[in-house]
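Okay, structure.txt is below, compact mmCIF, C-alpha atoms:
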# COMPACT_ATOMS: atom_id res chain seq x y z
CA MET I 1 64.07 -35.42 24.66
CA ILE I 2 64.68 -32.91 27.44
CA ASP I 3 64.44 -35.71 30.03
CA LEU I 4 66.84 -37.89 28.02
CA ALA I 5 69.32 -35.01 27.75
CA LYS I 6 69.26 -34.48 31.52
CA LYS I 7 69.75 -38.19 32.23
CA SER I 8 72.81 -38.29 29.97
CA ASN I 9 74.17 -34.99 31.33
CA GLY I 10 73.82 -33.45 27.87
CA GLU I 11 72.01 -30.57 26.22
CA SER I 12 68.78 -30.78 24.22
CA ILE I 13 68.89 -29.58 20.62
CA ILE I 14 66.15 -29.20 18.03
CA PHE I 15 67.31 -29.33 14.41
CA THR I 16 65.01 -27.80 11.80
CA PHE I 17 65.24 -26.06 8.43
CA ASP I 18 64.36 -22.80 6.75
CA PRO I 19 62.93 -22.27 4.21
CA HIS I 20 60.51 -25.18 4.02
CA PRO I 21 62.06 -27.95 1.86
CA ARG I 22 59.18 -27.88 -0.63
CA LYS I 23 60.03 -24.27 -1.43
CA VAL I 24 63.46 -25.41 -2.61
CA VAL I 25 62.80 -28.73 -4.30
CA SER I 26 59.61 -27.52 -6.04
CA ALA I 27 60.19 -24.11 -7.61
CA ASP I 28 56.52 -23.71 -8.56
CA GLU I 29 55.18 -24.71 -5.13
CA LYS I 30 51.77 -23.09 -4.58
CA SER I 31 49.95 -25.44 -2.21
CA LEU I 32 52.22 -25.24 0.85
CA ARG I 33 50.22 -24.36 3.99
CA LEU I 34 52.25 -23.91 7.17
CA LEU I 35 50.85 -24.89 10.56
CA THR I 36 53.53 -22.75 12.19
CA THR I 37 55.72 -20.01 10.79
CA MET I 38 59.38 -19.95 11.78
CA ASP I 39 58.75 -17.17 14.32
CA GLU I 40 55.93 -19.24 15.84
CA LYS I 41 58.18 -22.32 15.96
CA ILE I 42 60.87 -20.36 17.78
CA ALA I 43 58.35 -19.16 20.38
CA LEU I 44 57.00 -22.69 20.93
CA PHE I 45 60.48 -24.15 21.33
CA GLU I 46 61.37 -21.42 23.84
CA GLN I 47 58.29 -22.33 25.87
CA SER I 48 59.21 -26.04 25.79
CA GLY I 49 62.51 -25.54 27.60
CA ILE I 50 64.83 -26.73 24.80
CA ASP I 51 68.48 -25.74 25.35
CA HIS I 52 69.36 -25.03 21.70
CA LEU I 53 67.55 -24.54 18.40
CA ILE I 54 69.41 -25.00 15.12
CA ILE I 55 67.69 -23.48 12.07
CA TYR I 56 69.72 -24.89 9.19
CA PRO I 57 69.52 -23.17 5.77
CA PHE I 58 67.78 -25.55 3.38
CA THR I 59 69.39 -25.14 -0.04
CA ALA I 60 69.52 -27.20 -3.23
CA GLU I 61 73.00 -28.31 -2.21
CA PHE I 62 71.78 -29.40 1.22
CA ALA I 63 68.84 -31.24 -0.39
CA GLY I 64 71.34 -33.26 -2.40
CA LEU I 65 73.09 -34.70 0.67
CA THR I 66 72.66 -38.42 1.23
CA TYR I 67 71.49 -39.47 4.67
CA GLU I 68 74.96 -40.80 5.44
CA GLU I 69 76.57 -37.47 4.50
CA PHE I 70 74.06 -35.63 6.70
CA VAL I 71 74.75 -37.89 9.67
CA GLU I 72 78.54 -37.76 9.32
CA ASN I 73 79.03 -34.10 8.33
CA ILE I 74 76.36 -32.45 10.45
CA LEU I 75 75.08 -34.69 13.25
CA VAL I 76 78.47 -36.13 14.15
CA ARG I 77 81.14 -33.56 13.14
CA GLN I 78 79.23 -30.33 13.76
CA ILE I 79 76.72 -31.13 16.52
CA HIS I 80 78.61 -34.02 18.21
CA THR I 81 75.37 -35.95 18.68
CA LYS I 82 75.33 -38.48 21.52
CA LEU I 83 71.63 -39.40 21.38
CA LEU I 84 69.24 -38.81 18.49
CA VAL I 85 65.44 -38.83 18.87
CA VAL I 86 63.37 -39.23 15.70
CA GLY I 87 59.70 -39.70 14.83
CA TYR I 88 58.21 -43.10 14.01
CA ASP I 89 58.01 -42.28 10.27
CA HIS I 90 61.20 -40.24 10.04
CA LYS I 91 62.93 -40.16 6.66
CA PHE I 92 65.64 -37.84 5.40
CA GLY I 93 68.40 -37.38 2.87
CA LYS I 94 68.29 -37.27 -0.91
CA ASP I 95 64.99 -38.74 -2.17
CA ARG I 96 64.10 -39.46 1.49
CA GLN I 97 66.07 -42.68 1.35
CA GLY I 98 67.14 -42.66 4.98
CA GLY I 99 64.76 -44.54 7.27
CA PHE I 100 65.13 -45.66 10.88
CA GLU I 101 66.95 -48.92 10.14
CA PHE I 102 69.57 -47.18 8.00
CA LEU I 103 69.93 -44.46 10.63
CA LYS I 104 70.45 -47.10 13.30
CA GLN I 105 73.34 -48.52 11.28
CA CYS I 106 74.85 -45.01 11.11
CA ALA I 107 74.38 -44.60 14.86
CA ASP I 108 76.19 -47.88 15.56
CA ARG I 109 79.01 -46.91 13.22
CA HIS I 110 79.47 -43.42 14.71
CA LYS I 111 78.89 -44.47 18.32
CA PHE I 112 75.76 -42.54 19.22
CA GLN I 113 72.40 -43.75 20.52
CA ILE I 114 69.08 -43.46 18.71
CA GLU I 115 65.50 -43.51 19.96
CA LYS I 116 62.33 -43.70 17.87
CA LEU I 117 59.10 -42.14 19.14
CA ASP I 118 55.89 -44.14 18.82
CA VAL I 119 52.89 -42.77 16.97
CA LEU I 120 50.69 -40.50 19.10
CA LEU I 121 47.12 -41.82 19.19
CA LEU I 122 44.23 -39.50 20.17
CA ASN I 123 40.55 -40.26 19.68
CA GLU I 124 41.57 -43.38 17.74
CA SER I 125 43.48 -41.24 15.21
CA ASN I 126 47.20 -41.15 14.49
CA VAL I 127 48.09 -37.52 15.14
CA SER I 128 49.78 -36.01 12.08
CA SER I 129 50.27 -32.62 10.47
CA THR I 130 48.03 -33.78 7.61
CA LEU I 131 45.09 -34.46 9.96
CA ILE I 132 45.65 -31.15 11.75
CA ARG I 133 45.69 -29.22 8.46
CA GLU I 134 42.48 -30.95 7.36
CA ALA I 135 40.77 -30.06 10.65
CA ILE I 136 41.80 -26.41 10.35
CA GLN I 137 40.69 -26.20 6.71
CA GLN I 138 37.30 -27.62 7.74
CA GLY I 139 36.98 -25.18 10.63
CA ASP I 140 37.20 -27.96 13.22
CA ILE I 141 39.37 -25.87 15.50
CA GLU I 142 38.69 -27.92 18.62
CA THR I 143 40.06 -31.11 17.04
CA ALA I 144 43.06 -29.19 15.67
CA ASN I 145 43.77 -27.73 19.13
CA LEU I 146 43.52 -31.15 20.75
CA PHE I 147 45.97 -32.67 18.25
CA LEU I 148 48.35 -29.71 18.46
CA GLY I 149 48.38 -29.67 22.26
CA TYR I 150 47.93 -25.89 22.21
CA ARG I 151 45.52 -23.44 20.61
CA PHE I 152 46.05 -22.73 16.93
CA SER I 153 47.01 -19.12 16.36
CA LEU I 154 47.70 -16.81 13.45
CA HIS I 155 49.92 -13.72 13.56
CA GLY I 156 49.43 -10.75 11.31
CA THR I 157 49.12 -7.01 10.86
CA VAL I 158 45.99 -4.84 10.92
CA VAL I 159 45.44 -3.32 7.46
CA GLU I 160 42.90 -1.00 5.85
CA GLY I 161 39.52 -2.58 5.05
CA GLN I 162 36.21 -1.59 3.50
CA LYS I 163 34.91 -0.19 6.83
CA LEU I 164 31.46 -1.74 6.29
CA GLY I 165 31.35 -2.92 9.91
CA ARG I 166 31.27 0.64 11.21
CA GLN I 167 27.91 1.18 9.53
CA ILE I 168 26.29 -1.59 11.56
CA GLU I 169 28.00 -1.04 14.94
CA PHE I 170 30.47 -3.88 14.42
CA PRO I 171 33.78 -2.32 13.34
CA THR I 172 36.35 -4.93 12.36
CA ALA I 173 40.11 -5.09 12.13
CA ASN I 174 41.26 -6.60 8.84
CA ILE I 175 44.26 -8.87 9.25
CA GLU I 176 46.99 -9.75 6.79
CA ALA I 177 48.88 -12.86 7.91
CA SER I 178 52.59 -12.44 8.60
CA ASP I 179 53.40 -15.32 6.23
CA PRO I 180 51.43 -15.84 2.98
CA ASP I 181 51.93 -19.62 3.35
CA LYS I 182 50.40 -19.73 6.85
CA ILE I 183 47.27 -21.90 6.83
CA VAL I 184 44.03 -19.95 7.28
CA PRO I 185 40.99 -21.77 8.75
CA GLY I 186 37.95 -22.52 6.62
CA TYR I 187 35.21 -19.97 5.92
CA GLY I 188 33.00 -19.11 8.88
CA VAL I 189 32.69 -17.20 12.14
CA TYR I 190 34.97 -18.07 15.07
CA ALA I 191 35.26 -17.29 18.78
CA VAL I 192 38.78 -15.96 19.30
CA GLN I 193 41.10 -14.19 21.65
CA VAL I 194 43.26 -11.42 20.21
CA LYS I 195 46.61 -10.43 21.67
CA ILE I 196 47.65 -6.81 21.04
CA GLN I 197 50.70 -5.35 22.77
CA ASN I 198 50.56 -8.12 25.41
CA GLN I 199 46.89 -7.40 26.17
CA ILE I 200 44.24 -10.08 25.56
CA TYR I 201 40.82 -9.20 24.14
CA ILE I 202 37.82 -11.37 23.29
CA GLY I 203 36.24 -11.15 19.88
CA MET I 204 34.52 -12.86 17.00
CA LEU I 205 36.27 -13.37 13.72
CA ASN I 206 35.00 -13.91 10.20
CA ILE I 207 36.96 -15.70 7.51
CA GLY I 208 35.48 -15.15 4.08
CA SER I 209 36.19 -14.50 0.45
CA ARG I 210 36.39 -11.20 -1.37
CA PRO I 211 36.77 -10.32 -5.03
CA THR I 212 39.84 -8.25 -4.22
CA ILE I 213 43.16 -10.08 -3.98
CA ASN I 214 45.02 -10.10 -0.67
CA ASN I 215 48.22 -11.77 0.51
CA ASN I 216 46.60 -14.34 2.81
CA ALA I 217 46.68 -18.04 1.92
CA ASP I 218 43.92 -18.81 -0.61
CA HIS I 219 43.15 -15.04 -0.60
CA ARG I 220 40.85 -15.46 2.39
CA SER I 221 39.76 -12.30 4.18
CA ILE I 222 40.25 -12.22 7.95
CA GLU I 223 38.16 -9.72 9.93
CA VAL I 224 37.89 -9.59 13.70
CA HIS I 225 35.52 -7.57 15.89
CA LEU I 226 36.87 -6.94 19.39
CA PHE I 227 34.44 -6.52 22.27
CA ASP I 228 34.67 -3.38 24.41
CA PHE I 229 37.44 -1.96 22.24
CA ASP I 230 37.57 1.29 20.26
CA SER I 231 41.27 2.10 19.75
CA ASP I 232 42.92 2.76 16.39
CA ILE I 233 45.16 -0.25 15.75
CA TYR I 234 46.04 0.15 12.06
CA GLY I 235 49.53 -1.20 11.51
CA GLU I 236 49.56 -3.12 14.81
CA TYR I 237 50.95 -6.66 14.97
CA VAL I 238 48.38 -9.01 16.50
CA GLU I 239 47.97 -12.68 17.41
CA LEU I 240 44.64 -14.39 16.74
CA ILE I 241 44.02 -17.37 19.04
CA PHE I 242 41.27 -19.68 17.77
CA TYR I 243 38.90 -21.42 20.18
CA ARG I 244 35.79 -22.56 18.30
CA LYS I 245 33.86 -22.16 15.08
CA LEU I 246 30.47 -20.59 15.78
CA ARG I 247 28.78 -20.97 12.40
CA GLU I 248 29.28 -21.16 8.66
CA GLU I 249 29.66 -18.06 6.52
CA GLN I 250 26.26 -16.78 5.34
CA LYS I 251 24.82 -14.30 2.86
CA PHE I 252 22.20 -11.89 4.18
CA GLU I 253 19.36 -10.13 2.38
CA SER I 254 20.00 -6.83 4.14
CA LEU I 255 22.36 -5.05 6.50
CA ASP I 256 19.68 -5.27 9.20
CA ALA I 257 19.59 -9.06 8.88
CA LEU I 258 23.38 -9.15 9.09
CA LYS I 259 23.34 -6.89 12.14
CA THR I 260 20.80 -9.11 13.90
CA GLN I 261 22.96 -12.19 13.29
CA LEU I 262 26.09 -10.41 14.52
CA PHE I 263 24.39 -9.64 17.82
CA ARG I 264 23.58 -13.35 18.12
CA ASP I 265 27.20 -14.21 17.32
CA LYS I 266 28.42 -11.82 19.99
CA GLU I 267 26.11 -13.34 22.58
CA ASP I 268 27.22 -16.86 21.61
CA THR I 269 30.88 -15.84 21.88
CA ILE I 270 30.45 -14.26 25.32
CA ASN I 271 28.52 -17.28 26.58
CA TYR I 272 31.21 -19.58 25.23
CA PHE I 273 34.08 -17.73 26.92
CA ASN I 274 32.12 -17.67 30.20
CA THR I 275 32.23 -21.49 30.25
CA VAL I 276 35.39 -22.49 28.37
CA LYS I 277 38.32 -24.06 30.18
CA ASP I 278 41.74 -22.60 29.53
CA ASP I 279 43.19 -25.80 28.08
CA THR I 280 42.89 -27.90 24.93
CA SER I 281 40.90 -30.83 26.31
CA GLU I 282 37.35 -29.58 26.77
Kindly transcribe the structure held in the file into structure tokens.
Amino acid sequence: MIDLAKKSNGESIIFTFDPHPRKVVSADEKSLRLLTTMDEKIALFEQSGIDHLIIYPFTAEFAGLTYEEFVENILVRQIHTKLLVVGYDHKFGKDRQGGFEFLKQCADRHKFQIEKLDVLLLNESNVSSTLIREAIQQGDIETANLFLGYRFSLHGTVVEGQKLGRQIEFPTANIEASDPDKIVPGYGVYAVQVKIQNQIYIGMLNIGSRPTINNNADHRSIEVHLFDFDSDIYGEYVELIFYRKLREEQKFESLDALKTQLFRDKEDTINYFNTVKDDTSE
């Protein structure tokens, strides 16, 4: 889209919504799991080099617009669209009635061009948000990263925990996600990088379940142990960058058995980061 904008001497614009449409059209929505929060989307679009980002308020009134009303009132009158790029399965408008062929008719009528992107095929799979969510839920972070084109990350704040890790030489920071709808990977231990105040640290992270309720999606607990780190970071805003799942979550007969396994996890994590490439195609 950026290339097309330059060729036509125009400016590139991303049009998106907030809140998520399902939050508006389904009042009792409980299953929504976001791959990216709005703040994360904004950061990604900034990195991509887009000229403008429009975050349009998604309301019940807006949801009731027909596709033709959306094209005429917003794309044409407000944005002055000259070229529209849509996905191969793009649908919009009330009851998702507007498909590519109808949109093409609107484009011809209002004198703008339209281009449809082909499906992206990787490892013989059609890349989709559904497949990426499934991979993350299963802990298959490497597949999710490949499909995303960047490393999956989760932003949150360090909160008070049970402090059990201190007893076994593995103190952990407990994380509460910045958005309760943000998808949290499946249970297990992960090799991660953690960004705190623009500094990057290596660590291992456990996603588990606890009897106490928290505000994370599916009430999953998120605990990360940072290597060579002993600062007090309660209340700090952090970014967790996921690289690989090391193992499944386990129950241990004793704290000593847990401690022994954690030393193995630490060694596995260090060995992994000594060999990993800094891209999403290893």
Exercise for review: Extract, using only C-alpha atoms, all DNA, RNA and protein residues at most 8 Å from range 3-12 of chain I, discarding same-chain residues fewer than 4 positions from it, and format them as number ranges by chain.
Suggested key: I: 50-52
Point to revise | Point-to-point distance from CA of Val71 in chain I to CA of Leu117 in chain I, Å rounded to tenths | key: 18.8 Å
Practice item. Please provide as a list in words all residues within 6 Å of range 215-219 of chain I, with the sequence filter that same-chain residues fewer than 6 positions apart are discarded (counting all atoms listed in the file). Key: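 Here the qualifying residues turn out to be Ala177, Pro180 and Asp181 of chain I.
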Could you turn the residues from that selection into a file that holds C-alpha atoms, as an mmCIF file, keeping the file's coordinate frame?
data_model
loop_
_atom_site.group_PDB
_atom_site.id
_atom_site.type_symbol
_atom_site.label_atom_id
_atom_site.label_comp_id
_atom_site.auth_asym_id
_atom_site.auth_seq_id
_atom_site.Cartn_x
_atom_site.Cartn_y
_atom_site.Cartn_z
ATOM 1 C CA ALA I 177 48.880 -12.860 7.910
ATOM 2 C CA PRO I 180 51.430 -15.840 2.980
ATOM 3 C CA ASP I 181 51.930 -19.620 3.350
#
With only C-alpha atoms as the counted atoms, please give the residues lying no more than 10 Å from range 102-112 of chain I, apart from itself and same-chain residues fewer than 5 positions off, as a JSON list (two decimals) with C-alpha atoms, keeping the file's coordinate frame.
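As a result, selection_29.json now contains:
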[["chain", "number", "residue", "atom", "x", "y", "z"],
["I", 67, "TYR", "CA", 71.49, -39.47, 4.67],
["I", 68, "GLU", "CA", 74.96, -40.80, 5.44],
["I", 71, "VAL", "CA", 74.75, -37.89, 9.67],
["I", 72, "GLU", "CA", 78.54, -37.76, 9.32],
["I", 75, "LEU", "CA", 75.08, -34.69, 13.25],
["I", 76, "VAL", "CA", 78.47, -36.13, 14.15],
["I", 80, "HIS", "CA", 78.61, -34.02, 18.21],
["I", 81, "THR", "CA", 75.37, -35.95, 18.68],
["I", 82, "LYS", "CA", 75.33, -38.48, 21.52],
["I", 83, "LEU", "CA", 71.63, -39.40, 21.38],
["I", 84, "LEU", "CA", 69.24, -38.81, 18.49],
["I", 86, "VAL", "CA", 63.37, -39.23, 15.70],
["I", 90, "HIS", "CA", 61.20, -40.24, 10.04],
["I", 91, "LYS", "CA", 62.93, -40.16, 6.66],
["I", 92, "PHE", "CA", 65.64, -37.84, 5.40],
["I", 97, "GLN", "CA", 66.07, -42.68, 1.35]]
Check your understanding: In Å to one decimal, how far is CA of Gly186 in chain I from CA of Leu255 in chain I?
Key -> 23.4 Å
Exercise for review: Could you please determine the separation between CA of Ser31 in chain I and CA of Ile183 in chain I in Å, to one decimal place?
Suggested key: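 We find that CA of Ser31 in chain I and CA of Ile183 in chain I lie 10.1 Å from each other.
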Taking all atoms of range 233-246 of chain I that the file lists and extending 6 Å past them on each side, where is the centre of the axis-aligned box and how long are its edges? Answer in Å to one decimal, as lines of an AutoDock Vina configuration file.
center_x = 40.7
center_y = -11.2
center_z = 15.8
size_x = 32.5
size_y = 34.7
size_z = 20.7
Review point. For Ile241 in chain I, which of I:Gln113, I:Ser129, I:Ser153, I:Gln261 is the closest residue, counting all atoms listed in the file?
Key: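 Of I:Gln113, I:Ser129, I:Ser153, I:Gln261, the one nearest Ile241 in chain I, counting all atoms listed in the file, is I:Ser153.
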